[in-house]
$ cat entry-v4.tsv   # TSV, C-alpha atoms
chain	number	residue	atom	x	y	z
A	1	MET	CA	0.00	0.00	0.00
A	2	SER	CA	1.28	3.45	-0.91
A	3	TRP	CA	0.44	6.56	1.07
A	4	ASP	CA	-0.43	10.06	-0.08
A	5	PRO	CA	0.48	12.51	2.71
A	6	SER	CA	-1.58	15.32	1.16
A	7	GLN	CA	-4.74	13.17	1.05
A	8	TYR	CA	-4.17	11.89	4.59
A	9	LEU	CA	-3.61	15.39	5.97
A	10	LYS	CA	-6.79	16.85	4.43
A	11	PHE	CA	-8.38	15.97	7.76
A	12	ALA	CA	-5.38	16.66	9.97
A	13	GLY	CA	-7.50	18.26	12.69
A	14	GLU	CA	-9.81	15.27	13.03
A	15	ARG	CA	-6.89	12.83	12.92
A	16	ILE	CA	-4.81	14.64	15.53
A	17	ARG	CA	-7.52	15.00	18.15
A	18	PRO	CA	-7.39	11.37	19.41
A	19	ALA	CA	-3.58	11.51	19.24
A	20	LEU	CA	-3.66	14.45	21.64
A	21	ASP	CA	-6.13	12.70	23.91
A	22	LEU	CA	-3.83	9.67	24.08
A	23	LEU	CA	-0.77	11.81	24.74
A	24	ALA	CA	-2.51	13.63	27.59
A	25	ARG	CA	-3.18	10.35	29.42
A	26	ILE	CA	0.44	9.14	29.55
A	27	PRO	CA	1.81	9.88	33.06
A	28	ALA	CA	5.52	9.70	32.09
A	29	SER	CA	7.28	12.82	33.38
A	30	ALA	CA	10.80	12.79	31.93
A	31	PRO	CA	11.38	9.82	29.60
A	32	GLU	CA	14.78	9.51	27.97
A	33	THR	CA	13.64	7.62	24.87
A	34	VAL	CA	10.26	7.94	23.13
A	35	VAL	CA	9.24	5.93	20.07
A	36	ASP	CA	6.41	6.95	17.73
A	37	LEU	CA	5.56	3.60	16.13
A	38	GLY	CA	3.74	4.10	12.84
A	39	CYS	CA	4.69	7.77	12.81
A	40	GLY	CA	3.50	8.43	9.26
A	41	ALA	CA	4.38	11.93	8.08
A	42	GLY	CA	5.75	12.89	11.50
A	43	THR	CA	2.70	14.97	12.34
A	44	LEU	CA	3.08	14.32	16.05
A	45	ALA	CA	6.83	14.90	16.37
A	46	THR	CA	6.50	18.51	17.49
A	47	LEU	CA	3.84	17.64	20.07
A	48	LEU	CA	5.84	14.74	21.47
A	49	LEU	CA	8.94	16.92	21.83
A	50	GLU	CA	6.95	19.75	23.38
A	51	ARG	CA	5.68	17.28	25.98
A	52	TRP	CA	9.12	15.71	26.59
A	53	PRO	CA	11.76	18.19	25.35
A	54	ARG	CA	14.74	16.24	26.71
A	55	ALA	CA	13.74	12.92	25.19
A	56	THR	CA	15.35	11.27	22.20
A	57	LEU	CA	12.51	10.78	19.72
A	58	ILE	CA	12.50	7.96	17.17
A	59	GLY	CA	9.80	7.69	14.52
A	60	VAL	CA	9.22	4.34	12.81
A	61	ASP	CA	7.13	3.77	9.69
A	62	SER	CA	7.06	1.53	6.62
A	63	SER	CA	6.02	4.21	4.10
A	64	PRO	CA	8.86	5.97	2.26
A	65	GLU	CA	6.40	8.63	1.06
A	66	MET	CA	5.34	9.49	4.59
A	67	LEU	CA	8.89	9.38	5.94
A	68	ALA	CA	10.15	11.71	3.22
A	69	LYS	CA	7.73	14.37	4.47
A	70	ALA	CA	8.58	13.60	8.10
A	71	ARG	CA	12.31	14.03	7.52
A	72	ALA	CA	11.80	17.26	5.58
A	73	ASP	CA	9.62	18.74	8.32
A	74	HIS	CA	11.62	17.47	11.32
A	75	PRO	CA	15.32	17.18	10.44
A	76	GLY	CA	16.31	16.84	14.10
A	77	VAL	CA	14.30	13.65	14.67
A	78	THR	CA	15.51	10.14	13.84
A	79	PHE	CA	13.11	8.41	11.45
A	80	VAL	CA	13.48	4.71	10.64
A	81	GLU	CA	11.93	2.95	7.66
A	82	ALA	CA	10.96	-0.52	8.86
A	83	ASP	CA	8.17	-3.05	9.04
A	84	VAL	CA	6.13	-1.76	11.99
A	85	ALA	CA	5.04	-5.30	12.87
A	86	ALA	CA	8.59	-6.60	13.14
A	87	TRP	CA	10.56	-3.58	14.38
A	88	ARG	CA	11.75	-3.62	17.99
A	89	PRO	CA	14.12	-1.20	19.75
A	90	GLN	CA	17.63	-2.41	20.51
A	91	GLN	CA	17.03	-1.54	24.16
A	92	PRO	CA	13.73	-1.16	26.03
A	93	VAL	CA	12.37	2.39	25.78
A	94	ASP	CA	10.60	4.65	28.27
A	95	VAL	CA	7.53	5.41	26.15
A	96	LEU	CA	6.30	3.48	23.12
A	97	TYR	CA	3.50	5.50	21.52
A	98	SER	CA	1.43	4.31	18.56
A	99	ASN	CA	-1.42	6.37	17.14
A	100	ALA	CA	-3.73	4.95	14.43
A	101	ALA	CA	-1.22	2.40	13.13
A	102	LEU	CA	-1.65	-1.05	14.68
A	103	HIS	CA	-5.10	-1.72	13.23
A	104	TRP	CA	-3.33	-2.29	9.91
A	105	LEU	CA	-1.50	-5.29	11.38
A	106	PRO	CA	-2.83	-8.79	12.09
A	107	GLY	CA	-1.87	-10.97	15.03
A	108	HIS	CA	-2.64	-8.60	17.90
A	109	ASP	CA	-2.57	-11.46	20.40
A	110	ALA	CA	1.20	-11.70	19.94
A	111	LEU	CA	1.97	-8.21	18.63
A	112	ILE	CA	0.64	-6.04	21.44
A	113	PRO	CA	2.00	-8.03	24.41
A	114	GLY	CA	5.29	-8.12	22.48
A	115	LEU	CA	5.29	-4.33	22.29
A	116	LEU	CA	4.83	-4.16	26.06
A	117	THR	CA	8.07	-6.10	26.48
A	118	SER	CA	9.82	-3.43	24.36
A	119	VAL	CA	9.15	-0.97	27.17
A	120	ARG	CA	11.42	-0.88	30.21
A	121	PRO	CA	9.92	-1.82	33.60
A	122	TRP	CA	7.69	1.05	34.82
A	123	GLY	CA	7.72	2.50	31.30
A	124	TRP	CA	4.62	3.13	29.21
A	125	LEU	CA	2.94	1.62	26.16
A	126	ALA	CA	0.27	3.90	24.66
A	127	ILE	CA	-1.91	2.85	21.71
A	128	GLN	CA	-4.83	4.36	19.84
A	129	MET	CA	-6.62	2.40	17.11
A	130	PRO	CA	-9.77	3.12	15.11
A	131	ARG	CA	-12.66	0.80	15.98
A	132	ASN	CA	-15.16	2.10	13.48
A	133	PHE	CA	-15.24	-0.92	11.21
A	134	GLY	CA	-18.93	-1.65	11.75
A	135	ALA	CA	-19.93	1.84	10.58
A	136	PRO	CA	-21.07	2.61	7.01
A	137	SER	CA	-17.75	4.32	6.25
A	138	HIS	CA	-16.18	0.88	6.36
A	139	THR	CA	-19.03	-1.54	5.65
A	140	CYS	CA	-19.62	0.29	2.35
A	141	VAL	CA	-16.13	-0.83	1.32
A	142	ALA	CA	-17.07	-4.44	2.00
A	143	ASP	CA	-20.37	-4.05	0.14
A	144	ALA	CA	-18.68	-2.49	-2.89
A	145	ILE	CA	-16.18	-5.35	-2.96
A	146	ALA	CA	-18.78	-8.11	-2.58
A	147	GLN	CA	-21.06	-6.78	-5.31
A	148	GLY	CA	-18.49	-5.81	-7.93
A	149	PRO	CA	-16.43	-7.53	-10.65
A	150	TRP	CA	-13.27	-6.94	-8.57
A	151	ARG	CA	-14.43	-9.22	-5.77
A	152	THR	CA	-11.96	-12.03	-6.45
A	153	ARG	CA	-9.03	-9.59	-6.39
A	154	LEU	CA	-10.01	-7.66	-3.26
A	155	GLU	CA	-11.96	-9.91	-0.92
A	156	ALA	CA	-8.89	-11.71	0.44
A	157	PHE	CA	-7.55	-8.38	1.75
A	158	LEU	CA	-10.75	-7.43	3.57
A	159	ARG	CA	-10.52	-7.63	7.37
A	160	ARG	CA	-13.94	-6.83	8.75
A	161	GLN	CA	-12.96	-6.44	12.42
A	162	PRO	CA	-9.20	-5.85	12.68
A	163	VAL	CA	-9.53	-4.40	16.20
A	164	ALA	CA	-11.05	-6.48	19.00
A	165	GLU	CA	-13.24	-5.38	21.89
A	166	PRO	CA	-11.58	-3.56	24.81
A	167	GLN	CA	-11.98	-6.58	27.10
A	168	HIS	CA	-9.81	-8.64	24.78
A	169	TYR	CA	-6.85	-6.27	25.13
A	170	TRP	CA	-7.27	-6.14	28.91
A	171	ARG	CA	-6.97	-9.94	29.02
A	172	LEU	CA	-3.87	-9.81	26.82
A	173	LEU	CA	-2.04	-7.18	28.87
A	174	HIS	CA	-3.14	-7.04	32.48
A	175	GLY	CA	-0.83	-9.79	33.72
A	176	GLY	CA	2.27	-7.81	32.74
A	177	CYS	CA	1.11	-4.37	33.84
A	178	ALA	CA	1.47	-2.29	36.96
A	179	ARG	CA	-1.27	0.01	35.63
A	180	LEU	CA	-3.64	-0.47	32.72
A	181	GLU	CA	-6.32	1.82	31.31
A	182	ILE	CA	-8.44	0.92	28.29
A	183	TRP	CA	-11.31	3.04	27.03
A	184	GLU	CA	-13.21	4.05	23.91
A	185	THR	CA	-14.30	7.45	22.64
A	186	GLU	CA	-16.70	8.15	19.78
A	187	TYR	CA	-15.90	11.50	18.19
A	188	LEU	CA	-18.64	13.31	16.34
A	189	GLN	CA	-16.62	14.66	13.43
A	190	VAL	CA	-18.29	17.52	11.57
A	191	LEU	CA	-16.88	17.53	8.04
A	192	GLU	CA	-17.17	19.99	5.19
A	193	GLY	CA	-16.98	19.56	1.42
A	194	ASP	CA	-18.41	17.23	-1.19
A	195	ASN	CA	-18.80	13.63	0.04
A	196	PRO	CA	-16.26	14.25	2.83
A	197	VAL	CA	-16.52	10.80	4.43
A	198	ALA	CA	-15.29	9.28	1.16
A	199	GLU	CA	-12.46	11.79	1.12
A	200	PHE	CA	-11.61	10.88	4.72
A	201	THR	CA	-11.43	7.14	4.08
A	202	LYS	CA	-9.58	7.64	0.79
A	203	GLY	CA	-6.62	8.78	2.88
A	204	THR	CA	-6.59	5.51	4.84
A	205	TRP	CA	-8.86	2.45	4.64
A	206	LEU	CA	-10.17	2.85	1.09
A	207	ARG	CA	-6.67	3.35	-0.29
A	208	HIS	CA	-5.76	-0.16	0.87
A	209	PHE	CA	-8.07	-1.47	-1.86
A	210	LEU	CA	-7.68	1.20	-4.54
A	211	ASP	CA	-3.97	0.44	-4.76
A	212	ARG	CA	-4.75	-3.15	-5.72
A	213	LEU	CA	-6.68	-2.22	-8.88
A	214	ASP	CA	-5.64	-0.79	-12.23
A	215	GLU	CA	-7.69	1.54	-14.35
A	216	PRO	CA	-10.52	1.57	-15.30
A	217	GLU	CA	-11.55	-0.71	-12.41
A	218	ARG	CA	-9.90	1.51	-9.83
A	219	SER	CA	-12.07	4.49	-10.78
A	220	ALA	CA	-15.17	2.31	-11.06
A	221	PHE	CA	-14.63	0.83	-7.60
A	222	GLU	CA	-14.07	4.25	-6.06
A	223	ALA	CA	-17.21	5.61	-7.74
A	224	ASP	CA	-19.24	2.66	-6.41
A	225	TYR	CA	-17.96	3.24	-2.88
A	226	ARG	CA	-18.47	7.01	-3.04
A	227	ALA	CA	-22.11	6.59	-4.07
A	228	ARG	CA	-22.76	4.18	-1.21
A	229	VAL	CA	-21.09	6.26	1.47
A	230	ASN	CA	-22.62	9.50	0.23
A	231	ALA	CA	-26.07	7.99	0.73
A	232	ALA	CA	-25.10	6.70	4.20
A	233	TYR	CA	-23.93	10.13	5.41
A	234	PRO	CA	-26.34	12.78	4.09
A	235	THR	CA	-25.47	16.43	4.50
A	236	GLU	CA	-27.11	18.51	7.20
A	237	ALA	CA	-29.19	21.62	6.50
A	238	ASP	CA	-26.07	23.80	6.77
A	239	GLY	CA	-24.20	21.69	4.19
A	240	ARG	CA	-21.91	19.92	6.64
A	241	THR	CA	-21.71	16.15	7.23
A	242	LEU	CA	-21.75	14.36	10.59
A	243	PHE	CA	-19.30	11.46	10.81
A	244	PRO	CA	-19.25	9.61	14.16
A	245	PHE	CA	-15.96	7.76	14.60
A	246	ARG	CA	-15.09	5.36	17.43
A	247	ARG	CA	-11.53	4.87	18.66
A	248	LEU	CA	-9.94	2.51	21.20
A	249	PHE	CA	-7.24	3.68	23.63
A	250	ILE	CA	-4.75	1.67	25.70
A	251	VAL	CA	-2.31	3.10	28.25
A	252	ALA	CA	-0.25	0.40	29.98
A	253	GLN	CA	2.60	0.67	32.47
A	254	ARG	CA	4.88	-2.34	32.38
A	255	ALA	CA	5.40	-4.08	35.70
A	256	SER	CA	8.89	-4.81	36.99
$ encode --input "entry-v4.tsv" --output "structure tokens"
Amino acid sequence: MSWDPSQYLKFAGERIRPALDLLARIPASAPETVVDLGCGAGTLATLLLERWPRATLIGVDSSPEMLAKARADHPGVTFVEADVAAWRPQQPVDVLYSNAALHWLPGHDALIPGLLTSVRPWGWLAIQMPRNFGAPSHTCVADAIAQGPWRTRLEAFLRRQPVAEPQHYWRLLHGGCARLEIWETEYLQVLEGDNPVAEFTKGTWLRHFLDRLDEPERSAFEADYRARVNAAYPTEADGRTLFPFRRLFIVAQRAS
């Protein structure tokens, strides 16, 4: 999957809000090493360094397009191109922060407890993942795949519920934690523009499937999805569109 930073950042305000909420809930006072796992275009680098100005910040992502923007915008930060699922720090870190990245990866039962072991004892693992996959923004993708001529090429890549319920992550983590908080927030995003929910998902979930098709099927699939999602999220009287979006948060302190 390729990434388009400009498309992703069209909704930078909506995307950064849960990242800020996650950051505010991490009690670490003066960590020496902070990792932004799945850092994308480095949008959060300034905020992380404002919170912990003495920390060494490392951003990790698999997208060369995103990292090129990150390096241009933040030349003083170390950015590493690596498989986010496989990357681990050479030494345990004080804070491992991951915003809107791990839902792309399978195998959470091994992945997320493994990330906790990458944090030093009494350090912090902080994760935010979308959990909006039962909403029309995402089910319309599945419907467009199932009812189109591209079904055989796309269906194998469709993961209907890539993020489990909060209780599942508590059971995975609580045995290794001194403190553990897990919660969900549903943000009522108020979007502007023509078919803005389609534009929002085109920067993330929809792109996962568009990149697997060549023209003219790519355009036909996108048009099918846009029609479905436009009907699912009608505009309000003032021309804006309401887009509720649920997100899951985990803040875990590793036990000794």
$ closest_residue --input "entry-v4.tsv" --among "A:Leu48, A:Leu57, A:Val190, A:Ala135" --to "Pro75 in chain A" --atoms "all atoms listed in the file"
A:Leu57
$ closest_residue --input "entry-v4.tsv" --among "A:Met129, A:Glu32, A:Ile112, A:Pro196" --to "Arg171 in chain A" --atoms "all atoms listed in the file"
A:Ile112
$ closest_atom_pairs --input "entry-v4.tsv" --of "range 68-169 of chain A" --to "range 13-17 of chain A" --cutoff "12 Å" --atoms "all atoms listed in the file" --output "Markdown table"
| residue | atom | partner | partner_atom | distance |
| --- | --- | --- | --- | --- |
| A:Asn99 | CA | A:Ile16 | CA | 9.1 |
| A:Ala100 | CA | A:Arg15 | CA | 8.6 |
| A:Ala101 | CA | A:Arg15 | CA | 11.9 |
| A:Gln128 | CA | A:Arg17 | CA | 11.1 |
| A:Met129 | CA | A:Arg15 | CA | 11.2 |
| A:Pro130 | CA | A:Arg15 | CA | 10.4 |
$ residues_around --input "entry-v4.tsv" --residues "Arg153 in chain A" --least-positions-apart "2" --cutoff "12 Å" --atoms "only C-alpha atoms" --output "PDB file with C-alpha atoms, in the frame of the given file"
ATOM      1  CA  ILE A 145     -16.180  -5.350  -2.960  1.00  0.00           C
ATOM      2  CA  ALA A 146     -18.780  -8.110  -2.580  1.00  0.00           C
ATOM      3  CA  GLY A 148     -18.490  -5.810  -7.930  1.00  0.00           C
ATOM      4  CA  PRO A 149     -16.430  -7.530 -10.650  1.00  0.00           C
ATOM      5  CA  TRP A 150     -13.270  -6.940  -8.570  1.00  0.00           C
ATOM      6  CA  ARG A 151     -14.430  -9.220  -5.770  1.00  0.00           C
ATOM      7  CA  GLU A 155     -11.960  -9.910  -0.920  1.00  0.00           C
ATOM      8  CA  ALA A 156      -8.890 -11.710   0.440  1.00  0.00           C
ATOM      9  CA  PHE A 157      -7.550  -8.380   1.750  1.00  0.00           C
ATOM     10  CA  LEU A 158     -10.750  -7.430   3.570  1.00  0.00           C
ATOM     11  CA  PHE A 209      -8.070  -1.470  -1.860  1.00  0.00           C
ATOM     12  CA  LEU A 210      -7.680   1.200  -4.540  1.00  0.00           C
ATOM     13  CA  ASP A 211      -3.970   0.440  -4.760  1.00  0.00           C
ATOM     14  CA  ARG A 212      -4.750  -3.150  -5.720  1.00  0.00           C
ATOM     15  CA  LEU A 213      -6.680  -2.220  -8.880  1.00  0.00           C
ATOM     16  CA  ASP A 214      -5.640  -0.790 -12.230  1.00  0.00           C
ATOM     17  CA  GLU A 217     -11.550  -0.710 -12.410  1.00  0.00           C
ATOM     18  CA  ARG A 218      -9.900   1.510  -9.830  1.00  0.00           C
ATOM     19  CA  PHE A 221     -14.630   0.830  -7.600  1.00  0.00           C
TER      20      PHE A 221
END
$ axis_aligned_box --input "entry-v4.tsv" --around "range 178-182 of chain A" --padding-each-side "5 Å" --output "lines of an AutoDock Vina configuration file"
center_x = -3.5
center_y = -0.2
center_z = 32.6
size_x = 19.9
size_y = 14.1
size_z = 18.7
$ atom_distance --input "entry-v4.tsv" --atom1 "CA of Ala85 in chain A" --atom2 "CA of His103 in chain A"
10.8 Å
$ atom_distance --input "entry-v4.tsv" --atom1 "CA of Ala198 in chain A" --atom2 "CA of Ser219 in chain A"
13.3 Å
$ residues_near_point --input "entry-v4.tsv" --point "(6.0, -3.1, 34.4)" --cutoff "6 Å" --atoms "all atoms listed in the file" --output "list in words"
Pro121, Trp122, Cys177, Ala178, Gln253, Arg254, Ala255 and Ser256 of chain A
$ write_last_selection --input "entry-v4.tsv" --atoms "C-alpha atoms" --output "compact mmCIF listing (two decimals), in the coordinates of the input"
# COMPACT_ATOMS: atom_id res chain seq x y z
CA PRO A 121 9.92 -1.82 33.60
CA TRP A 122 7.69 1.05 34.82
CA CYS A 177 1.11 -4.37 33.84
CA ALA A 178 1.47 -2.29 36.96
CA GLN A 253 2.60 0.67 32.47
CA ARG A 254 4.88 -2.34 32.38
CA ALA A 255 5.40 -4.08 35.70
CA SER A 256 8.89 -4.81 36.99
$ closest_residue --input "entry-v4.tsv" --among "A:Gly134, A:Gly239, A:Gly42, A:Gly176" --to "Ala68 in chain A" --atoms "only C-alpha atoms"
A:Gly42
$ atom_distance --input "entry-v4.tsv" --atom1 "CA of Arg131 in chain A" --atom2 "CA of Glu199 in chain A"
18.5 Å
$ residues_around --input "entry-v4.tsv" --residues "Ile250 in chain A" --least-positions-apart "5" --cutoff "12 Å" --atoms "only C-alpha atoms" --output "JSON, numbers by chain"
{"A": [18, 19, 21, 22, 23, 25, 26, 96, 97, 98, 99, 100, 102, 112, 113, 116, 124, 125, 126, 127, 128, 129, 130, 165, 166, 167, 168, 169, 170, 172, 173, 174, 177, 179, 180, 181, 182, 183, 184, 185]}
$ decode --input "entry-v4.tsv" --residues "range 215-237 of chain A" --atoms "N, CA and C atoms" --output "PDB file, in the first residue's frame"
ATOM      1  N   GLU A 215      -6.603   0.907 -13.620  1.00  0.00           N
ATOM      2  CA  GLU A 215      -7.690   1.543 -14.353  1.00  0.00           C
ATOM      3  C   GLU A 215      -8.180   0.628 -15.475  1.00  0.00           C
ATOM      4  N   PRO A 216      -9.470   0.658 -15.819  1.00  0.00           N
ATOM      5  CA  PRO A 216     -10.519   1.566 -15.303  1.00  0.00           C
ATOM      6  C   PRO A 216     -11.218   1.058 -14.044  1.00  0.00           C
ATOM      7  N   GLU A 217     -10.847  -0.159 -13.557  1.00  0.00           N
ATOM      8  CA  GLU A 217     -11.553  -0.713 -12.409  1.00  0.00           C
ATOM      9  C   GLU A 217     -11.339   0.125 -11.147  1.00  0.00           C
ATOM     10  N   ARG A 218     -10.173   0.693 -11.009  1.00  0.00           N
ATOM     11  CA  ARG A 218      -9.899   1.512  -9.831  1.00  0.00           C
ATOM     12  C   ARG A 218     -10.925   2.648  -9.712  1.00  0.00           C
ATOM     13  N   SER A 219     -11.113   3.374 -10.803  1.00  0.00           N
ATOM     14  CA  SER A 219     -12.071   4.486 -10.778  1.00  0.00           C
ATOM     15  C   SER A 219     -13.495   3.997 -10.590  1.00  0.00           C
ATOM     16  N   ALA A 220     -13.824   2.845 -11.189  1.00  0.00           N
ATOM     17  CA  ALA A 220     -15.174   2.312 -11.058  1.00  0.00           C
ATOM     18  C   ALA A 220     -15.446   1.871  -9.619  1.00  0.00           C
ATOM     19  N   PHE A 221     -14.463   1.247  -8.992  1.00  0.00           N
ATOM     20  CA  PHE A 221     -14.627   0.829  -7.596  1.00  0.00           C
ATOM     21  C   PHE A 221     -14.777   2.040  -6.677  1.00  0.00           C
ATOM     22  N   GLU A 222     -13.952   3.051  -6.892  1.00  0.00           N
ATOM     23  CA  GLU A 222     -14.065   4.245  -6.063  1.00  0.00           C
ATOM     24  C   GLU A 222     -15.425   4.915  -6.248  1.00  0.00           C
ATOM     25  N   ALA A 223     -15.913   4.992  -7.492  1.00  0.00           N
ATOM     26  CA  ALA A 223     -17.212   5.608  -7.744  1.00  0.00           C
ATOM     27  C   ALA A 223     -18.331   4.829  -7.055  1.00  0.00           C
ATOM     28  N   ASP A 224     -18.246   3.508  -7.082  1.00  0.00           N
ATOM     29  CA  ASP A 224     -19.239   2.659  -6.407  1.00  0.00           C
ATOM     30  C   ASP A 224     -19.236   2.954  -4.905  1.00  0.00           C
ATOM     31  N   TYR A 225     -18.058   2.960  -4.308  1.00  0.00           N
ATOM     32  CA  TYR A 225     -17.963   3.244  -2.880  1.00  0.00           C
ATOM     33  C   TYR A 225     -18.473   4.641  -2.554  1.00  0.00           C
ATOM     34  N   ARG A 226     -18.085   5.629  -3.330  1.00  0.00           N
ATOM     35  CA  ARG A 226     -18.474   7.010  -3.042  1.00  0.00           C
ATOM     36  C   ARG A 226     -19.989   7.171  -3.083  1.00  0.00           C
ATOM     37  N   ALA A 227     -20.647   6.503  -4.002  1.00  0.00           N
ATOM     38  CA  ALA A 227     -22.107   6.592  -4.068  1.00  0.00           C
ATOM     39  C   ALA A 227     -22.745   5.981  -2.832  1.00  0.00           C
ATOM     40  N   ARG A 228     -22.218   4.844  -2.392  1.00  0.00           N
ATOM     41  CA  ARG A 228     -22.764   4.177  -1.209  1.00  0.00           C
ATOM     42  C   ARG A 228     -22.579   5.031   0.047  1.00  0.00           C
ATOM     43  N   VAL A 229     -21.382   5.541   0.229  1.00  0.00           N
ATOM     44  CA  VAL A 229     -21.091   6.260   1.471  1.00  0.00           C
ATOM     45  C   VAL A 229     -21.745   7.639   1.472  1.00  0.00           C
ATOM     46  N   ASN A 230     -21.929   8.220   0.312  1.00  0.00           N
ATOM     47  CA  ASN A 230     -22.621   9.500   0.228  1.00  0.00           C
ATOM     48  C   ASN A 230     -24.079   9.358   0.673  1.00  0.00           C
ATOM     49  N   ALA A 231     -24.692   8.240   0.306  1.00  0.00           N
ATOM     50  CA  ALA A 231     -26.072   7.987   0.734  1.00  0.00           C
ATOM     51  C   ALA A 231     -26.141   7.692   2.232  1.00  0.00           C
ATOM     52  N   ALA A 232     -25.094   7.077   2.780  1.00  0.00           N
ATOM     53  CA  ALA A 232     -25.096   6.697   4.200  1.00  0.00           C
ATOM     54  C   ALA A 232     -24.873   7.888   5.121  1.00  0.00           C
ATOM     55  N   TYR A 233     -24.226   8.946   4.605  1.00  0.00           N
ATOM     56  CA  TYR A 233     -23.930  10.132   5.413  1.00  0.00           C
ATOM     57  C   TYR A 233     -24.462  11.375   4.693  1.00  0.00           C
ATOM     58  N   PRO A 234     -25.764  11.609   4.780  1.00  0.00           N
ATOM     59  CA  PRO A 234     -26.343  12.779   4.090  1.00  0.00           C
ATOM     60  C   PRO A 234     -25.880  14.075   4.740  1.00  0.00           C
ATOM     61  N   THR A 235     -25.869  15.128   3.966  1.00  0.00           N
ATOM     62  CA  THR A 235     -25.473  16.428   4.499  1.00  0.00           C
ATOM     63  C   THR A 235     -26.577  17.012   5.367  1.00  0.00           C
ATOM     64  N   GLU A 236     -26.172  17.800   6.348  1.00  0.00           N
ATOM     65  CA  GLU A 236     -27.113  18.508   7.203  1.00  0.00           C
ATOM     66  C   GLU A 236     -27.644  19.750   6.479  1.00  0.00           C
ATOM     67  N   ALA A 237     -28.580  20.442   7.115  1.00  0.00           N
ATOM     68  CA  ALA A 237     -29.193  21.619   6.495  1.00  0.00           C
ATOM     69  C   ALA A 237     -28.168  22.705   6.200  1.00  0.00           C
TER      70      ALA A 237
END
